[in-house]
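Just below is one structure, and these are the notes that go with it.
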Amino acid sequence: MTASVGLPRALLYHEYGDLWTSFFESLGVTTMVSPQSNRAILERGSRLAVDETCLPVKIYLGHVDLLAPEVDAVLVPRIESLNKRETACVKLWGAVDVVRNSVPAANVLDYDVDVRHGKREHTEMIRLGKSLGHNAAQVAVAYANAKRRAAGIRRAHAARQVEIAQRPGLKVLVVGHPYNVQDALIGGPVVRILEQEGASVLTAELTDRRQARRMSALLSQDMPWTFNKELLGAVEHYRRLVDGIVFLVTFPCGPDSLMTELCVRRLQDVPSIVLVLDELQGEAGLRTRLESFVDLLKVRTNRSLTAGVESDG
């Protein structure tokens with residue numbers, strides 16, 4: 001029986017980490033979460049990856065390699081589709097295969113969600129729990145409890161976003177996947193610099209998911225990638241509530257590049273900046289670009305306020 005499971009703090013952990021942690025703990029399985037991403041973890045993963053691998057996967061491999069000798073197994077799920085009409089990015093399809101080939105020392109624990117071919121999260125999690133030596137009834141209860149807990153945490157984050165959006169002052173929306181925005185090495189400096197410059201930061205991935213999906217059709221009705229579609233909906237939801245938008249893209253992500261180009265072309269009434277980050281990105285250059293962007297937003301906001309006062313007078 002597997003006594004300990006490693007959870008790499010990268011990729012899908014930022015979407016499903018609360019679910020996984022609660023699920024395993026309910027079954028009496030100890031979880032070990034890798035530390036926050038840092039330059040050493042990135043370099044570790046880069047040595048294992050082929051050159052064309054995107055930045056989030058390089059970081060992910062570093063986390064897996066770090067955990068592998070410390071736990072009985074490392075959880076590496078495969079997410080292919082979450083509904084019958086859309087798909088996930090191919091890196092989420094192939095993460096299991098990439099890890100098995102790049103980190104052969106890791107004992108991989110996996111499950112496969114592919115709704116288009118009849119593999120749903122509920123049945124896959126029960127299969128996963130049974131593979132750990134538990135009966136189906138125990139696993140079903142553990143999954144249901146974990147699902148409720150994770151949903152409650154997400155609702156709390158969404159409510160927090162609403163509160164931030166209602167604050168006075170400068171507000172900036174950061175648009176990117178959770179594995180980019182919430183990663184300490186990728187999105188951490190972006191959020192920190194914006195806050196240091198006096199902006200209240202909202203992040204697109206914490207928007208209420210159902211609301212985001214409904215609003216995404218206003219920007220695109222045929223976006224094929226589920227997670228990008230939700231980001232589109234978040235942009236549409238917040239575009240009139242923020243002063244500017246920062247698009248956070250990691251090289252060389254095709255779906256994100258397409259989504260960003262679509263938004264920039266269609267949302268010309270909202271100031272925006274596109275940050276394309278790779279493993280060579282330094283914080284100094286990032287800070288210069290963000291400071292300049294916030295300065296422009298402040299000038300634009302002050303002009304609007306002045307114009308409003310003159311109009312009232």
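Chain labels run A, B, ... following the order of the structure tokens; each chain numbers its residues from 1, and ligands are numbered from 1 in the order shown.
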- DSSP helix (DSSP H, G or I) residues within segment 109-308 of chain A, listed as a ChimeraX atom specification: /A:115-117,121-131,136-165,178-181,188-196,204-206,209-216,226-238,254-266,283-308
Kindly provide the residues of segment 217-254 of chain A that approach segment 276-293 of chain A to within 6 Å, each paired with its closest atom pair and their distance in Å to one decimal, based on only C-alpha atoms, listed by chain and increasing number, as a Markdown table.
| residue | atom | partner | partner_atom | distance |
| --- | --- | --- | --- | --- |
| A:Val249 | CA | A:Val276 | CA | 4.7 |
| A:Thr250 | CA | A:Leu277 | CA | 4.8 |
| A:Phe251 | CA | A:Asp278 | CA | 5.4 |
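Of the listed residues A:Leu19, A:Met259, A:Met223, A:Ala158, the one whose atoms come nearest to Arg210 of chain A is A:Ala158, with distances taken using only C-alpha atoms.
A straight line drawn from atom CA of Gly6 of chain A to atom CA of Val181 of chain A is 21.9 Å long.
Proximity of A:Gln182, A:Gln166, A:Ser81, A:Gln138 to Ser26 of chain A, computed with only C-alpha atoms, is greatest for A:Gln138.
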